[in-house]
>>> print(open('protein05.txt').read())   # compact mmCIF, C-alpha atoms
# COMPACT_ATOMS: atom_id res chain seq x y z
CA MET A 1 147.03 52.42 102.98
CA THR A 2 148.70 54.31 100.17
CA VAL A 3 149.55 58.01 100.02
CA THR A 4 147.14 58.57 97.18
CA SER A 5 144.13 57.28 99.08
CA GLN A 6 145.05 59.42 102.11
CA LYS A 7 145.14 62.60 99.95
CA THR A 8 141.79 61.69 98.47
CA ARG A 9 140.24 61.36 101.90
CA GLN A 10 141.68 64.69 102.98
CA GLN A 11 140.23 66.41 99.92
CA GLN A 12 136.82 64.88 100.62
CA THR A 13 136.87 65.89 104.31
CA GLU A 14 138.28 69.41 103.76
CA PRO A 15 135.68 72.09 102.91
CA SER A 16 135.89 73.28 99.35
CA ALA A 17 136.93 76.86 98.71
CA PRO A 18 134.05 79.24 97.96
CA SER A 19 133.82 79.85 94.26
CA GLY A 20 131.15 82.53 94.52
CA ARG A 21 128.47 80.38 92.89
CA GLU A 22 126.56 77.52 94.56
CA PRO A 23 125.77 74.33 92.69
CA ASP A 24 122.05 75.01 93.06
CA ASP A 25 122.50 78.33 91.30
CA GLU A 26 124.24 76.66 88.39
CA ARG A 27 121.42 74.13 88.06
CA ARG A 28 118.85 76.95 88.08
CA GLU A 29 120.67 78.70 85.22
CA GLU A 30 120.89 75.51 83.20
CA ARG A 31 117.14 74.90 83.36
CA PRO A 32 116.03 78.16 81.63
CA ALA A 33 118.72 77.62 79.00
CA LYS A 34 117.37 74.15 78.26
CA ARG A 35 113.79 75.43 78.21
CA SER A 36 114.65 78.26 75.82
CA ALA A 37 116.45 75.84 73.53
CA GLN A 38 113.48 73.49 73.53
CA GLY A 39 110.97 76.31 72.99
CA ASP A 40 109.54 77.43 76.30
CA PRO A 41 105.83 78.21 75.93
CA GLY A 42 106.32 81.28 78.10
CA THR A 43 108.82 83.04 75.82
CA ALA A 44 107.77 85.87 73.49
CA ASP A 45 108.77 83.98 70.33
CA SER A 46 106.46 81.07 71.04
CA LEU A 47 103.44 83.13 72.22
CA ARG A 48 100.44 83.06 69.93
CA VAL A 49 98.82 86.46 69.39
CA VAL A 50 95.04 86.13 69.27
CA PRO A 51 93.29 89.19 67.79
CA ILE A 52 90.23 90.61 69.50
CA ARG A 53 87.03 89.40 67.89
CA HIS A 54 84.50 92.21 67.49
CA TRP A 55 81.38 90.08 67.14
CA GLY A 56 78.94 92.99 67.39
CA ARG A 57 80.80 94.96 64.74
CA TRP A 58 80.85 91.97 62.40
CA ILE A 59 77.15 91.28 62.86
CA VAL A 60 76.15 94.89 62.19
CA SER A 61 78.46 95.03 59.15
CA ALA A 62 76.93 91.83 57.78
CA VAL A 63 73.42 93.21 58.20
CA ILE A 64 74.38 96.47 56.46
CA LEU A 65 76.02 94.60 53.58
CA PHE A 66 72.93 92.44 53.22
CA LEU A 67 70.60 95.45 53.10
CA VAL A 68 72.82 97.29 50.60
CA ALA A 69 73.06 94.20 48.38
CA GLN A 70 69.28 93.75 48.56
CA PHE A 71 68.72 97.38 47.55
CA VAL A 72 71.22 97.21 44.67
CA TRP A 73 69.59 93.99 43.46
CA SER A 74 66.19 95.70 43.46
CA LEU A 75 67.57 98.61 41.43
CA PHE A 76 68.34 96.26 38.55
CA THR A 77 65.36 93.93 38.83
CA ASN A 78 62.46 96.29 39.62
CA ARG A 79 61.07 97.62 36.33
CA GLN A 80 59.15 100.38 38.09
CA TYR A 81 62.36 102.41 38.34
CA GLY A 82 62.14 102.95 34.59
CA TRP A 83 65.81 103.27 33.78
CA ASP A 84 64.99 103.67 30.08
CA VAL A 85 62.94 106.77 30.91
CA PHE A 86 65.74 107.98 33.19
CA ALA A 87 68.28 107.69 30.37
CA GLU A 88 65.91 109.46 27.96
CA TYR A 89 65.44 112.57 30.12
CA PHE A 90 68.78 112.77 31.93
CA PHE A 91 70.32 115.01 29.23
CA ASN A 92 67.04 116.50 28.07
CA ASP A 93 67.31 120.15 26.97
CA ALA A 94 64.69 121.32 29.47
CA VAL A 95 66.43 119.48 32.31
CA ILE A 96 69.82 120.96 31.40
CA LYS A 97 68.34 124.47 31.28
CA GLY A 98 66.76 123.91 34.68
CA LEU A 99 70.11 122.68 35.99
CA TRP A 100 71.90 125.83 34.81
CA LEU A 101 69.21 127.98 36.41
CA THR A 102 69.70 126.09 39.69
CA LEU A 103 73.44 126.75 39.55
CA TRP A 104 72.89 130.44 38.78
CA LEU A 105 70.51 130.86 41.72
CA THR A 106 72.97 129.06 43.99
CA ALA A 107 75.91 131.20 42.91
CA ILE A 108 74.02 134.50 43.23
CA SER A 109 72.51 133.70 46.62
CA ILE A 110 75.74 132.30 48.09
CA VAL A 111 77.98 135.17 46.95
CA GLY A 112 75.45 137.82 47.92
CA GLY A 113 74.58 136.05 51.17
CA PHE A 114 78.18 135.77 52.34
CA VAL A 115 78.98 139.37 51.39
CA ILE A 116 75.97 140.68 53.30
CA GLY A 117 76.65 138.15 56.06
CA THR A 118 80.20 139.46 56.50
CA VAL A 119 78.85 142.98 56.98
CA LEU A 120 76.25 141.73 59.45
CA ALA A 121 78.92 139.79 61.37
CA VAL A 122 80.98 142.97 61.69
CA PHE A 123 77.84 144.79 62.89
CA ARG A 124 77.25 142.09 65.52
CA LEU A 125 80.82 142.52 66.78
CA SER A 126 80.69 146.32 66.64
CA LYS A 127 80.73 148.43 69.79
CA SER A 128 78.05 150.65 68.27
CA PRO A 129 74.68 149.85 69.90
CA LEU A 130 72.80 150.81 66.73
CA LEU A 131 74.84 148.59 64.40
CA ASN A 132 74.84 145.72 66.88
CA ALA A 133 71.07 145.93 67.29
CA PHE A 134 70.49 146.11 63.53
CA GLY A 135 72.61 143.02 62.94
CA TYR A 136 70.88 141.13 65.75
CA TRP A 137 67.31 141.91 64.64
CA TYR A 138 68.07 141.24 60.97
CA ILE A 139 69.40 137.77 61.82
CA TRP A 140 66.48 137.12 64.16
CA PHE A 141 63.86 138.11 61.57
CA PHE A 142 65.18 136.23 58.55
CA ARG A 143 65.87 133.11 60.58
CA SER A 144 62.35 133.24 62.01
CA VAL A 145 60.40 133.61 58.74
CA PRO A 146 60.31 130.48 56.53
CA LEU A 147 62.12 130.78 53.23
CA LEU A 148 59.02 129.84 51.26
CA VAL A 149 57.09 132.71 52.86
CA GLN A 150 59.87 135.18 52.07
CA ILE A 151 59.88 134.23 48.39
CA LEU A 152 56.10 134.56 48.18
CA VAL A 153 56.22 138.00 49.82
CA TRP A 154 58.86 139.24 47.40
CA TYR A 155 56.95 137.80 44.43
CA ASN A 156 53.72 139.50 45.56
CA LEU A 157 55.30 142.75 46.73
CA GLY A 158 53.26 144.57 44.10
CA TYR A 159 50.15 144.13 46.26
CA LEU A 160 51.78 146.24 49.00
CA TYR A 161 53.70 148.68 46.82
CA PRO A 162 52.29 148.93 43.27
CA THR A 163 55.08 151.30 42.25
CA LEU A 164 58.62 151.88 43.41
CA GLY A 165 60.97 154.71 42.63
CA LEU A 166 63.04 157.68 43.81
CA GLY A 167 61.62 161.05 44.79
CA THR A 168 60.62 163.05 47.84
CA PRO A 169 61.16 161.11 51.09
CA PHE A 170 58.08 159.98 53.05
CA THR A 171 55.78 160.63 50.07
CA ASP A 172 54.59 158.82 46.96
CA ASN A 173 55.97 161.56 44.72
CA TYR A 174 58.55 159.61 42.66
CA TRP A 175 59.63 162.50 40.49
CA ILE A 176 63.13 161.15 39.78
CA VAL A 177 62.30 157.64 38.54
CA GLU A 178 59.24 155.40 38.88
CA PHE A 179 58.44 151.87 37.70
CA PRO A 180 55.81 149.20 38.38
CA THR A 181 56.79 146.70 41.07
CA THR A 182 55.45 143.70 39.15
CA THR A 183 57.69 144.58 36.22
CA LEU A 184 60.77 144.92 38.41
CA LEU A 185 60.33 141.86 40.61
CA THR A 186 60.10 138.95 38.23
CA ALA A 187 59.99 135.36 39.45
CA PHE A 188 63.76 135.04 39.09
CA ALA A 189 64.39 138.30 40.98
CA ALA A 190 62.01 137.34 43.78
CA VAL A 191 63.68 133.96 44.28
CA ALA A 192 67.20 135.42 44.06
CA ILE A 193 66.42 138.17 46.60
CA GLY A 194 64.67 135.79 48.96
CA LEU A 195 67.48 133.22 48.87
CA THR A 196 70.19 135.89 49.26
CA LEU A 197 68.66 137.68 52.24
CA HIS A 198 67.78 134.39 53.91
CA GLN A 199 71.30 133.04 53.39
CA ALA A 200 72.86 136.27 54.73
CA ALA A 201 71.35 135.67 58.17
CA TYR A 202 72.93 132.22 58.49
CA SER A 203 76.23 133.28 56.92
CA ALA A 204 76.53 136.13 59.41
CA GLU A 205 76.49 133.73 62.36
CA ILE A 206 78.99 131.38 60.67
CA ILE A 207 81.41 134.24 59.98
CA ARG A 208 80.95 135.72 63.46
CA GLY A 209 81.74 132.35 65.02
CA GLY A 210 84.87 132.05 62.87
CA ILE A 211 86.07 135.50 63.86
CA LEU A 212 85.54 134.77 67.54
CA SER A 213 87.58 131.57 67.19
CA VAL A 214 90.73 133.61 66.43
CA ASP A 215 92.82 134.32 69.50
CA SER A 216 92.42 137.88 70.73
CA GLY A 217 96.20 138.18 70.93
CA GLN A 218 96.34 138.27 67.15
CA THR A 219 94.20 141.42 67.08
CA GLU A 220 96.17 143.00 69.89
CA ALA A 221 99.50 142.25 68.21
CA ALA A 222 98.29 143.66 64.89
CA ALA A 223 97.03 146.80 66.64
CA ALA A 224 100.35 147.16 68.47
CA LEU A 225 102.12 147.16 65.09
CA GLY A 226 99.99 150.11 64.04
CA LEU A 227 98.11 148.30 61.28
CA PRO A 228 94.85 149.96 60.18
CA ALA A 229 91.56 148.31 61.18
CA HIS A 230 90.71 147.11 57.66
CA VAL A 231 94.19 145.60 57.24
CA ARG A 232 93.87 143.81 60.59
CA PHE A 233 90.51 142.38 59.59
CA PHE A 234 91.21 141.29 55.99
CA ARG A 235 94.90 140.31 56.34
CA ILE A 236 95.16 138.99 59.91
CA ILE A 237 91.78 137.94 61.34
CA LEU A 238 89.77 136.75 58.35
CA PRO A 239 92.43 134.37 56.91
CA GLN A 240 92.77 132.67 60.30
CA ALA A 241 89.01 132.53 60.75
CA ALA A 242 88.62 130.92 57.33
CA ARG A 243 89.61 127.52 58.71
CA SER A 244 86.58 127.57 61.02
CA ILE A 245 84.28 129.20 58.47
CA ILE A 246 84.91 126.90 55.50
CA PRO A 247 83.34 123.63 56.77
CA ALA A 248 80.09 125.29 57.82
CA GLY A 249 80.19 127.58 54.79
CA PHE A 250 80.45 124.71 52.32
CA ASN A 251 77.65 122.99 54.18
CA GLU A 252 75.50 126.04 53.47
CA VAL A 253 76.51 125.99 49.80
CA ILE A 254 75.51 122.34 49.45
CA GLY A 255 72.24 123.00 51.24
CA GLN A 256 71.54 125.99 49.03
CA VAL A 257 71.86 123.87 45.88
CA LYS A 258 68.94 121.78 47.06
CA GLY A 259 67.22 124.79 48.64
CA THR A 260 66.68 126.38 45.25
CA SER A 261 63.95 123.78 44.69
CA VAL A 262 61.55 126.07 46.63
CA ALA A 263 61.43 128.19 43.47
CA PHE A 264 58.71 125.86 42.18
CA VAL A 265 56.23 127.90 44.25
CA VAL A 266 56.53 130.80 41.78
CA ALA A 267 56.78 128.51 38.72
CA LEU A 268 60.45 129.29 38.09
CA PRO A 269 61.75 126.50 35.81
CA GLU A 270 64.74 125.36 37.83
CA LEU A 271 65.72 121.68 37.96
CA PHE A 272 63.07 120.38 40.34
CA TYR A 273 60.21 122.36 38.79
CA THR A 274 61.21 121.22 35.30
CA VAL A 275 61.15 117.60 36.42
CA GLN A 276 57.74 118.16 37.99
CA VAL A 277 56.35 119.55 34.75
CA ILE A 278 57.66 116.58 32.74
CA TYR A 279 56.32 113.87 35.02
CA GLY A 280 53.03 115.77 35.24
CA ARG A 281 52.67 115.11 31.50
CA ASN A 282 53.87 111.51 31.16
CA GLN A 283 53.05 110.28 34.72
CA ARG A 284 56.51 108.68 35.10
CA VAL A 285 57.14 110.13 38.55
CA ILE A 286 59.93 107.93 39.92
CA PRO A 287 62.23 107.97 36.84
CA LEU A 288 61.98 111.77 36.58
CA LEU A 289 62.61 112.23 40.30
CA LEU A 290 65.68 110.02 39.92
CA VAL A 291 66.92 112.41 37.22
CA ALA A 292 66.79 115.31 39.69
CA VAL A 293 68.30 113.21 42.51
CA VAL A 294 71.29 112.13 40.41
CA TRP A 295 72.01 115.68 39.22
CA TYR A 296 71.83 116.97 42.82
CA ALA A 297 74.17 114.16 43.89
CA ILE A 298 76.69 115.04 41.15
CA ILE A 299 76.75 118.70 42.19
CA THR A 300 77.06 117.79 45.87
CA THR A 301 79.93 115.40 45.17
CA ALA A 302 81.82 118.03 43.17
CA LEU A 303 81.38 120.60 45.95
CA SER A 304 82.52 118.08 48.57
CA ILE A 305 85.73 117.45 46.62
CA VAL A 306 86.38 121.19 46.38
CA GLN A 307 85.70 121.52 50.11
CA PHE A 308 88.29 118.83 50.92
CA TYR A 309 91.07 120.58 49.01
CA VAL A 310 90.17 124.03 50.35
CA GLU A 311 90.19 122.75 53.93
CA ARG A 312 93.48 120.99 53.23
CA HIS A 313 94.96 124.27 52.00
CA TYR A 314 93.96 126.19 55.14
CA ALA A 315 95.22 123.40 57.40
CA LYS A 316 98.86 124.12 56.49
CA GLY A 317 99.52 126.31 59.50
CA THR A 318 97.80 124.11 62.09
CA VAL A 319 98.93 120.51 61.47
CA ARG A 320 102.38 118.98 61.11
CA GLU A 321 101.38 116.81 58.17
CA LEU A 322 98.61 117.57 55.70
CA PRO A 323 95.86 114.96 55.40
CA PRO A 324 96.44 112.68 52.40
CA THR A 325 94.42 113.19 49.26
CA PRO A 326 92.20 110.37 47.95
CA ILE A 327 94.82 109.54 45.31
CA GLN A 328 97.55 109.38 47.97
CA ARG A 329 95.38 107.14 50.13
CA LEU A 330 94.79 104.83 47.16
CA ARG A 331 98.50 104.62 46.40
CA ARG A 332 99.32 103.95 50.04
CA GLY A 333 96.67 101.24 50.25
CA VAL A 334 97.89 99.52 47.09
CA THR A 335 101.50 99.66 48.28
CA GLU A 336 100.58 98.24 51.68
CA PHE A 337 98.54 95.47 50.03
CA TRP A 338 101.38 94.38 47.76
CA ARG A 339 103.86 94.56 50.64
CA ARG A 340 101.73 92.27 52.77
CA LEU A 341 101.15 89.97 49.81
CA GLY A 342 104.91 89.72 49.27
CA ASP A 343 105.53 88.94 52.95
CA ASP A 344 102.90 86.18 52.91
CA ALA A 345 104.34 84.67 49.75
CA ALA A 346 107.86 84.73 51.22
CA SER A 347 106.72 83.03 54.42
CA ASP A 348 104.84 80.33 52.48
CA SER A 349 107.87 79.59 50.29
CA GLN A 350 110.08 78.69 53.28
CA THR A 351 110.80 74.98 53.84
CA PRO A 352 109.57 73.30 57.04
CA SER A 353 113.16 72.86 58.27
CA ALA A 354 113.85 76.58 57.74
CA LYS A 355 110.71 77.51 59.65
CA THR A 356 111.74 75.20 62.49
CA GLN A 357 115.22 76.72 62.65
CA LYS A 358 113.71 80.21 62.67
CA GLU A 359 111.37 79.32 65.55
CA THR A 360 114.14 77.73 67.62
CA ALA A 361 116.42 80.68 66.98
>>> encode(input="protein05.txt", output="structure tokens")
Amino acid sequence: MTVTSQKTRQQQTEPSAPSGREPDDERREERPAKRSAQGDPGTADSLRVVPIRHWGRWIVSAVILFLVAQFVWSLFTNRQYGWDVFAEYFFNDAVIKGLWLTLWLTAISIVGGFVIGTVLAVFRLSKSPLLNAFGYWYIWFFRSVPLLVQILVWYNLGYLYPTLGLGTPFTDNYWIVEFPTTTLLTAFAAVAIGLTLHQAAYSAEIIRGGILSVDSGQTEAAAALGLPAHVRFFRIILPQAARSIIPAGFNEVIGQVKGTSVAFVVALPELFYTVQVIYGRNQRVIPLLLVAVVWYAIITTALSIVQFYVERHYAKGTVRELPPTPIQRLRRGVTEFWRRLGDDAASDSQTPSAKTQKETA
């Protein structure tokens, strides 16, 4: 036997020195490396993301799209809509005059209603029992009586009081000034007064709710600084309450635009009454009603746009980032669309070998 063979046997019989790592451990580490190189189906790169399928949402959306498409198709195919008559009377002089009268009634009643409503809201928050009771019973009465009834009462006030004037209290001796009630309260005045007083009751509750939404610490801090009561109200409380008042307030404005249509009961030629008179002559009811509907929709849309920007202005002190305007949303959507389109085009232009290398990497 040679020396070399004896050394070999000794090396085989002697225990190997511990290297700190067992052979089984090395084989375990090699297996994940091989699997990752071959594309293990359990790794994150090879997982397939399956989006959630909202079947109910898709079905409801499809039904809504079908109904909308059916309605739009009927608008263009049904001759009973009379779009030629609609186009003839849309800018008619009588319709435009009625539209301006509607806007005037809305402006007068809204401005007057919110001014009186602010006073009533202060009365409701007053510590005076008399002022608080007056504000409460005023709101209760004008919210209880229908608007149509109020307008009719104001228009026929001459039956109760044939003359009005100034003179000796608790008598009919109007020695200072006297005038017939029917001459003073015209149809326009009756509608304007009825709408204004009716709107004041609802505006008072909106403003009172906005004032109560302001933290009481603001009032206490302003009082501690020695600010007068009117300064605290108009410079501290009311600007902060405006954020809560504006949404409900604009809702009242939009409702008042359509609410002026009750003036037809006293034959005041606002928009709706004018349309009624015209279709009463030519019997084209639907086309003339569409004229009024479209004008109301235009006014409502304009007021909604104004409301968005006013609310956005008063949101400056409450949110970190102002809500985007419609133009900003459109720009962002177009930019996102082109970015995604560019990514899709870049991925499609890659060669199969490049895609394979990217997946294995």
>>> residues_around(input="protein05.txt", residues="Ala87 (chain A)", least_positions_apart="2", cutoff="12 Å", atoms="all atoms listed in the file", output="compact mmCIF listing (two decimals) with C-alpha atoms, keeping the file's coordinate frame")
# COMPACT_ATOMS: atom_id res chain seq x y z
CA TYR A 81 62.36 102.41 38.34
CA GLY A 82 62.14 102.95 34.59
CA TRP A 83 65.81 103.27 33.78
CA ASP A 84 64.99 103.67 30.08
CA VAL A 85 62.94 106.77 30.91
CA TYR A 89 65.44 112.57 30.12
CA PHE A 90 68.78 112.77 31.93
CA PHE A 91 70.32 115.01 29.23
CA ASN A 92 67.04 116.50 28.07
CA PRO A 287 62.23 107.97 36.84
CA LEU A 288 61.98 111.77 36.58
CA LEU A 290 65.68 110.02 39.92
CA VAL A 291 66.92 112.41 37.22
CA VAL A 294 71.29 112.13 40.41
>>> closest_residue(input="protein05.txt", among="A:Leu99, A:Val145, A:Ala263, A:Ala241", to="Trp295 (chain A)", atoms="all atoms listed in the file")
A:Leu99
>>> closest_residue(input="protein05.txt", among="A:Tyr174, A:Phe134, A:Phe114, A:Trp55", to="Ile206 (chain A)", atoms="only C-alpha atoms")
A:Phe114
>>> residues_around(input="protein05.txt", residues="Ser244 (chain A)", least_positions_apart="4", cutoff="12 Å", atoms="all atoms listed in the file", output="list in words")
Glu205, Ile206, Ile207, Arg208, Gly209, Gly210, Ile211, Leu212, Ser213, Val214, Ile237, Leu238, Pro239, Gln240, Ala248, Gly249, Phe250, Val310, Glu311, Tyr314, Ala315 and Thr318 of chain A
>>> residues_around(input="protein05.txt", residues="Gly112 (chain A)", least_positions_apart="4", cutoff="8 Å", atoms="only C-alpha atoms", output="PyMOL selection string")
chain A and resi 108+116+196+200
>>> closest_residue(input="protein05.txt", among="A:Ile246, A:Leu166, A:Ala201, A:Val177", to="Val306 (chain A)", atoms="all atoms listed in the file")
A:Ile246
>>> closest_residue(input="protein05.txt", among="A:Ile299, A:Ile52, A:Leu227, A:Ile278", to="Phe86 (chain A)", atoms="all atoms listed in the file")
A:Ile278
>>> atom_distance(input="protein05.txt", atom1="CA of Gly158 (chain A)", atom2="CA of Thr186 (chain A)")
10.6 Å
>>> residues_around(input="protein05.txt", residues="Leu131 (chain A)", least_positions_apart="6", cutoff="9 Å", atoms="all atoms listed in the file", output="CSV table (one decimal) with C-alpha atoms, in the frame of the given file")
chain,number,residue,atom,x,y,z
A,120,LEU,CA,76.2,141.7,59.4
A,122,VAL,CA,81.0,143.0,61.7
A,123,PHE,CA,77.8,144.8,62.9
A,124,ARG,CA,77.2,142.1,65.5
A,125,LEU,CA,80.8,142.5,66.8
>>> atom_distance(input="protein05.txt", atom1="CA of Phe142 (chain A)", atom2="CA of Ile193 (chain A)")
12.2 Å
>>> atom_distance(input="protein05.txt", atom1="CA of Leu157 (chain A)", atom2="CA of Thr181 (chain A)")
7.1 Å
>>> closest_residue(input="protein05.txt", among="A:Ala204, A:Val275, A:Ala107, A:Val49", to="Ala94 (chain A)", atoms="all atoms listed in the file")
A:Val275
>>> closest_residue(input="protein05.txt", among="A:Trp154, A:Trp137, A:Tyr296, A:Phe188", to="Ser109 (chain A)", atoms="all atoms listed in the file")
A:Phe188
>>> build_atoms(input="protein05.txt", residues="region 200-214 of chain A", atoms="N, CA and C atoms", output="short mmCIF file (atom, residue, chain, number, x, y, z; two decimals), in the frame of the given file")
data_model
loop_
_atom_site.label_atom_id
_atom_site.label_comp_id
_atom_site.auth_asym_id
_atom_site.auth_seq_id
_atom_site.Cartn_x
_atom_site.Cartn_y
_atom_site.Cartn_z
N ALA A 200 72.02 135.30 54.03
CA ALA A 200 72.86 136.27 54.73
C ALA A 200 72.74 136.12 56.24
N ALA A 201 71.54 135.81 56.73
CA ALA A 201 71.35 135.67 58.17
C ALA A 201 72.16 134.51 58.72
N TYR A 202 72.17 133.38 58.02
CA TYR A 202 72.93 132.22 58.49
C TYR A 202 74.44 132.41 58.28
N SER A 203 74.81 133.04 57.17
CA SER A 203 76.23 133.28 56.92
C SER A 203 76.83 134.22 57.95
N ALA A 204 76.03 135.18 58.42
CA ALA A 204 76.53 136.13 59.41
C ALA A 204 76.95 135.41 60.69
N GLU A 205 76.15 134.45 61.13
CA GLU A 205 76.49 133.73 62.36
C GLU A 205 77.70 132.81 62.15
N ILE A 206 77.82 132.23 60.96
CA ILE A 206 78.99 131.38 60.67
C ILE A 206 80.26 132.22 60.69
N ILE A 207 80.22 133.38 60.04
CA ILE A 207 81.41 134.24 59.98
C ILE A 207 81.73 134.81 61.36
N ARG A 208 80.71 135.19 62.10
CA ARG A 208 80.95 135.72 63.46
C ARG A 208 81.60 134.66 64.34
N GLY A 209 81.12 133.42 64.25
CA GLY A 209 81.74 132.35 65.02
C GLY A 209 83.19 132.11 64.62
N GLY A 210 83.49 132.21 63.31
CA GLY A 210 84.87 132.05 62.87
C GLY A 210 85.78 133.15 63.36
N ILE A 211 85.27 134.38 63.37
CA ILE A 211 86.07 135.50 63.86
C ILE A 211 86.35 135.36 65.35
N LEU A 212 85.35 134.94 66.10
CA LEU A 212 85.54 134.77 67.54
C LEU A 212 86.48 133.62 67.87
N SER A 213 86.67 132.68 66.94
CA SER A 213 87.58 131.57 67.19
C SER A 213 89.05 131.97 67.12
N VAL A 214 89.35 133.12 66.52
CA VAL A 214 90.73 133.61 66.43
C VAL A 214 91.15 134.18 67.78
#
